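So the structure is just underneath, and the comments pick up after that.
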Amino acid sequence: MGEAKPSPPSPLPQGEGRWIHPHPSPTGRGKNLKEQEVIHMQTITTLQDLRQARQNLPEPLGLVPTMGYLHEGHLSLVRVARRECASVVVSIFVNPTQFGPQEDLERYPRDLPRDLTLLEAEGVDVVWTPTPQIMYPEGYQTWVTVEQIAAPLEGAMRPGHFRGVATVVAKLFNAVQPQRAYFGQKDAQQALVIRRLVADLNFPIQVVVCPTVREADGLAMSSRNVYLNPQERQAATVLYRALTAAQAAYEAGQRNADHLRQVMQAVLNGEPLARAQYVSCARLEDLQEWQGEVSGAALLSLAVFIGQTRLIDNLVIGGEF
């Protein structure tokens with residue numbers, strides 16, 4: 001906030017709903033400018049244009065689904081996809097079906113020109129920016145529901161959220177046809193829901209979950225951080241401090257799940273601006289709360305209001321995501 005926002009390069013019109021931005025190929029690193037292959041980043045809206053562009057993209061293809069207002073966390077996913085895949089598609093769609101009636105759909109930050117500038121610099125091949133009318137045309141009535149793993153934590157606090165997530169991700173997978181899809185661990189339950197979706201519906205897609213990217217003081221990067229005023233921004237570090245306190249207790253030999261939850265809650269209680277919605281120590285495999293001793297991989301997670309802004313964060317102990 002307050003920083004000058006870079007202007008995107010002037011798009012060259014290439015038909016309805018499609019812009020093209022030239023940029024050097026990332027495979028041309030080390031060559032001089034004349035030797036570099038020049039490729040084009042296409043910004044596409046319609047499904048027809050997406051399907052046409054998809055035919056010309058080399059495989060493996062990596063998809064990075066986003067809701068825009070990109071930050072370094074999103075860009076880290078793009079960079080992993082760029083390293084691992086022959087072509088990369090990024091989707092930007094603020095999905096209305098994953099927002100509850102009292103949530104921040106209308107307020108959610110958006111800045112498409114800035115997003116396109118950032119993605120062009122990363123060597124993305126295609127950016128797909130569908131509209132709600134494209135994703136959910138009149139008469140739409142088909143939904144994807146993942147059950148047990150979507151029920152606790154975010155699922156309990158945000159009814160219908162994961163139905164919206166699972167549906168839109170299935171539609172993105174169907175439209176883009178990637179071989180790999182990239183998600184951040186910050187939204188850990190979402191990543192687990194999508195893994196379940198891919199397994200259950202036999203999508204031939206590898207779900208790649210990348211580490212959470214944090215600010216220097218530990219705050220997980222999130223598009224919603226822009227809502228925080230300076231005092232709230234300082235207070236928001238309490239999420240990471242609570243998680244790392246429980247992690248330190250675990251590493252010191254503490255295995256009692258209730259004690260680990262209490263450690264997190266005690267740190268949160270020390271921040272006047274923080275109001276916890278949930279504090280969890282759950283089995284990583286199914287997100288059921290550990291009872292008694294933690295004897296396997298656990299997801300430490302929490303949802304906390306800092307003022308009016310709801311933030312989530314997590315760490316894994318006793319295993320890997």
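Residue numbering restarts at 1 for every chain of the structure tokens, chains are lettered A, B, ... in their displayed order, and ligands are numbered from 1 as they appear.
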Original post:
Mind checking DSSP for range 7-174 of chain A and telling me the strand (DSSP E or B) residues as a ChimeraX atom specification?
Top reply: /A:12-13,18-24,38-44,61-66,87-92,126-128
**OP:** Just the residues within 8 Å of range 211-217 of chain A, please, counting only C-alpha atoms, with nothing from its chain fewer than 5 positions along; format it as a PyMOL selection string.
**Re:** chain A and resi 72-73+76+184-186+237
Dump of C-alpha atoms for the selected residues, as an mmCIF file, in the first residue's frame:
```cif
data_model
loop_
_atom_site.group_PDB
_atom_site.id
_atom_site.type_symbol
_atom_site.label_atom_id
_atom_site.label_comp_id
_atom_site.auth_asym_id
_atom_site.auth_seq_id
_atom_site.Cartn_x
_atom_site.Cartn_y
_atom_site.Cartn_z
ATOM 1 C CA GLU A 72 6.049 -13.201 -3.571
ATOM 2 C CA GLY A 73 4.300 -16.385 -2.423
ATOM 3 C CA SER A 76 7.539 -18.544 -5.878
ATOM 4 C CA GLY A 184 1.194 -23.096 -1.362
ATOM 5 C CA GLN A 185 1.374 -24.764 2.036
ATOM 6 C CA LYS A 186 -0.058 -21.627 3.657
ATOM 7 C CA THR A 237 3.223 -11.746 13.702
#
```
Using only C-alpha atoms, which residues of range 168-230 of chain A come within 12 Å of range 39-48 of chain A, and what is the closest atom pair for each, with the distance in Å to one decimal? Give it as a Markdown table, sorted by chain and residue number.
```
| residue | atom | partner | partner_atom | distance |
| --- | --- | --- | --- | --- |
| A:Lys171 | CA | A:Leu47 | CA | 11.0 |
| A:Leu172 | CA | A:Leu47 | CA | 10.4 |
| A:Asn174 | CA | A:Leu47 | CA | 11.0 |
| A:Ala175 | CA | A:Leu47 | CA | 7.4 |
| A:Val176 | CA | A:Leu47 | CA | 9.4 |
```
Generate a file of the selected residues that holds all heavy atoms, formatted as a JSON list (two decimals), in the first residue's frame.
```json
[["chain", "number", "residue", "atom", "x", "y", "z"],
["A", 171, "LYS", "N", -12.78, -27.38, -12.47],
["A", 171, "LYS", "CA", -13.03, -26.71, -13.75],
["A", 171, "LYS", "C", -11.74, -26.17, -14.35],
["A", 171, "LYS", "O", -11.53, -26.25, -15.57],
["A", 171, "LYS", "CB", -14.05, -25.59, -13.54],
["A", 171, "LYS", "CG", -15.47, -26.09, -13.28],
["A", 171, "LYS", "CD", -16.42, -24.97, -12.90],
["A", 171, "LYS", "CE", -16.74, -24.08, -14.09],
["A", 171, "LYS", "NZ", -17.56, -24.76, -15.11],
["A", 172, "LEU", "N", -10.85, -25.63, -13.52],
["A", 172, "LEU", "CA", -9.55, -25.17, -14.02],
["A", 172, "LEU", "C", -8.75, -26.33, -14.58],
["A", 172, "LEU", "O", -8.13, -26.21, -15.66],
["A", 172, "LEU", "CB", -8.78, -24.48, -12.90],
["A", 172, "LEU", "CG", -9.33, -23.15, -12.39],
["A", 172, "LEU", "CD1", -8.57, -22.70, -11.15],
["A", 172, "LEU", "CD2", -9.28, -22.07, -13.46],
["A", 174, "ASN", "N", -9.87, -29.13, -15.79],
["A", 174, "ASN", "CA", -10.51, -29.61, -17.01],
["A", 174, "ASN", "C", -10.21, -28.68, -18.18],
["A", 174, "ASN", "O", -9.99, -29.14, -19.31],
["A", 174, "ASN", "CB", -12.02, -29.72, -16.80],
["A", 174, "ASN", "CG", -12.73, -30.39, -17.94],
["A", 174, "ASN", "OD1", -12.27, -31.40, -18.47],
["A", 174, "ASN", "ND2", -13.85, -29.83, -18.35],
["A", 175, "ALA", "N", -10.20, -27.37, -17.93],
["A", 175, "ALA", "CA", -9.98, -26.41, -19.00],
["A", 175, "ALA", "C", -8.53, -26.35, -19.45],
["A", 175, "ALA", "O", -8.24, -26.30, -20.65],
["A", 175, "ALA", "CB", -10.44, -25.02, -18.54],
["A", 176, "VAL", "N", -7.61, -26.36, -18.49],
["A", 176, "VAL", "CA", -6.19, -26.16, -18.80],
["A", 176, "VAL", "C", -5.48, -27.47, -19.13],
["A", 176, "VAL", "O", -4.52, -27.48, -19.91],
["A", 176, "VAL", "CB", -5.49, -25.43, -17.63],
["A", 176, "VAL", "CG1", -4.00, -25.27, -17.89],
["A", 176, "VAL", "CG2", -6.15, -24.07, -17.40]]
```
With the cut-off set at 12 Å and counting only C-alpha atoms, tabulate each residue of range 41-157 of chain A with an atom at most that distance from an atom of range 287-311 of chain A, showing the nearest atom pair and its distance in Å to one decimal, ordered by chain and increasing number, as a tab-separated table.
```
residue	atom	partner	partner_atom	distance
A:Glu103	CA	A:Arg310	CA	9.9
A:Asp104	CA	A:Thr309	CA	9.7
A:Arg107	CA	A:Thr309	CA	11.7
A:Tyr108	CA	A:Thr309	CA	11.5
A:Glu147	CA	A:Leu287	CA	11.9
A:Gln148	CA	A:Leu287	CA	8.7
A:Ile149	CA	A:Leu287	CA	6.3
A:Ala150	CA	A:Leu287	CA	8.7
A:Ala151	CA	A:Leu287	CA	9.0
A:Pro152	CA	A:Leu287	CA	7.2
A:Leu153	CA	A:Leu287	CA	8.2
A:Glu154	CA	A:Ala303	CA	8.2
A:Gly155	CA	A:Leu287	CA	11.0
A:Ala156	CA	A:Ala303	CA	11.6
A:Met157	CA	A:Ala303	CA	9.3
```
Suppose we keep N, CA, C and O atoms; can you now write the selection as a PDB file, in the first residue's frame?
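selection-v1.pdb, written as the output of this step:
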```pdb
ATOM      1  N   GLU A 103     -18.464 -12.558   3.874  1.00  0.00           N
ATOM      2  CA  GLU A 103     -17.017 -12.475   3.654  1.00  0.00           C
ATOM      3  C   GLU A 103     -16.683 -11.355   2.667  1.00  0.00           C
ATOM      4  O   GLU A 103     -17.542 -10.555   2.286  1.00  0.00           O
ATOM      5  N   ASP A 104     -15.410 -11.304   2.254  1.00  0.00           N
ATOM      6  CA  ASP A 104     -14.875 -10.118   1.594  1.00  0.00           C
ATOM      7  C   ASP A 104     -14.783 -10.226   0.075  1.00  0.00           C
ATOM      8  O   ASP A 104     -13.830  -9.725  -0.530  1.00  0.00           O
ATOM      9  N   ARG A 107     -14.678  -6.801  -1.486  1.00  0.00           N
ATOM     10  CA  ARG A 107     -13.537  -6.036  -0.990  1.00  0.00           C
ATOM     11  C   ARG A 107     -12.198  -6.654  -1.391  1.00  0.00           C
ATOM     12  O   ARG A 107     -11.162  -5.984  -1.329  1.00  0.00           O
ATOM     13  N   TYR A 108     -12.215  -7.928  -1.795  1.00  0.00           N
ATOM     14  CA  TYR A 108     -10.960  -8.642  -2.046  1.00  0.00           C
ATOM     15  C   TYR A 108     -10.092  -7.842  -3.024  1.00  0.00           C
ATOM     16  O   TYR A 108     -10.564  -7.395  -4.067  1.00  0.00           O
ATOM     17  N   GLU A 147     -15.432 -34.650   1.079  1.00  0.00           N
ATOM     18  CA  GLU A 147     -16.136 -34.785   2.353  1.00  0.00           C
ATOM     19  C   GLU A 147     -15.237 -34.676   3.581  1.00  0.00           C
ATOM     20  O   GLU A 147     -14.934 -33.582   4.039  1.00  0.00           O
ATOM     21  N   GLN A 148     -14.740 -35.785   4.139  1.00  0.00           N
ATOM     22  CA  GLN A 148     -14.159 -35.752   5.481  1.00  0.00           C
ATOM     23  C   GLN A 148     -13.030 -34.734   5.652  1.00  0.00           C
ATOM     24  O   GLN A 148     -13.013 -33.975   6.624  1.00  0.00           O
ATOM     25  N   ILE A 149     -12.090 -34.696   4.716  1.00  0.00           N
ATOM     26  CA  ILE A 149     -10.922 -33.846   4.942  1.00  0.00           C
ATOM     27  C   ILE A 149     -11.270 -32.365   4.798  1.00  0.00           C
ATOM     28  O   ILE A 149     -10.535 -31.489   5.269  1.00  0.00           O
ATOM     29  N   ALA A 150     -12.411 -32.076   4.173  1.00  0.00           N
ATOM     30  CA  ALA A 150     -12.857 -30.694   4.028  1.00  0.00           C
ATOM     31  C   ALA A 150     -13.754 -30.233   5.175  1.00  0.00           C
ATOM     32  O   ALA A 150     -14.118 -29.056   5.228  1.00  0.00           O
ATOM     33  N   ALA A 151     -14.103 -31.140   6.090  1.00  0.00           N
ATOM     34  CA  ALA A 151     -15.101 -30.816   7.117  1.00  0.00           C
ATOM     35  C   ALA A 151     -14.573 -29.995   8.292  1.00  0.00           C
ATOM     36  O   ALA A 151     -15.249 -29.056   8.734  1.00  0.00           O
ATOM     37  N   PRO A 152     -13.377 -30.304   8.855  1.00  0.00           N
ATOM     38  CA  PRO A 152     -12.947 -29.546  10.038  1.00  0.00           C
ATOM     39  C   PRO A 152     -12.294 -28.219   9.672  1.00  0.00           C
ATOM     40  O   PRO A 152     -12.243 -27.826   8.505  1.00  0.00           O
ATOM     41  N   LEU A 153     -11.816 -27.507  10.690  1.00  0.00           N
ATOM     42  CA  LEU A 153     -10.980 -26.319  10.527  1.00  0.00           C
ATOM     43  C   LEU A 153     -11.646 -25.290   9.610  1.00  0.00           C
ATOM     44  O   LEU A 153     -12.699 -24.763   9.935  1.00  0.00           O
ATOM     45  N   GLU A 154     -11.057 -24.996   8.455  1.00  0.00           N
ATOM     46  CA  GLU A 154     -11.640 -24.006   7.560  1.00  0.00           C
ATOM     47  C   GLU A 154     -13.040 -24.420   7.107  1.00  0.00           C
ATOM     48  O   GLU A 154     -13.926 -23.583   6.940  1.00  0.00           O
ATOM     49  N   GLY A 155     -13.231 -25.714   6.899  1.00  0.00           N
ATOM     50  CA  GLY A 155     -14.538 -26.191   6.476  1.00  0.00           C
ATOM     51  C   GLY A 155     -15.613 -25.944   7.508  1.00  0.00           C
ATOM     52  O   GLY A 155     -16.760 -25.622   7.173  1.00  0.00           O
ATOM     53  N   ALA A 156     -15.262 -26.086   8.778  1.00  0.00           N
ATOM     54  CA  ALA A 156     -16.230 -25.843   9.853  1.00  0.00           C
ATOM     55  C   ALA A 156     -16.510 -24.355  10.019  1.00  0.00           C
ATOM     56  O   ALA A 156     -17.645 -23.962  10.316  1.00  0.00           O
ATOM     57  N   MET A 157     -15.498 -23.517   9.840  1.00  0.00           N
ATOM     58  CA  MET A 157     -15.663 -22.090  10.042  1.00  0.00           C
ATOM     59  C   MET A 157     -16.268 -21.383   8.834  1.00  0.00           C
ATOM     60  O   MET A 157     -16.887 -20.322   8.968  1.00  0.00           O
TER      61      MET A 157
END
```
**OP:** Compile the contact shell of range 50-65 of chain A as a PyMOL selection string: residues with an atom at most 9 Å away, counting only C-alpha atoms, same-chain residues fewer than 2 positions apart removed.
**Re:** chain A and resi 42+44-48+67-68+74+77-78+81-82+84-93+125-126+128+169+172-173+175-183
Original post:
What is the distance between CA of Leu243 in chain A and CA of Ala220 in chain A, in Å to one decimal?
Top reply: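 Between CA of Leu243 in chain A and CA of Ala220 in chain A the gap is 11.6 Å.
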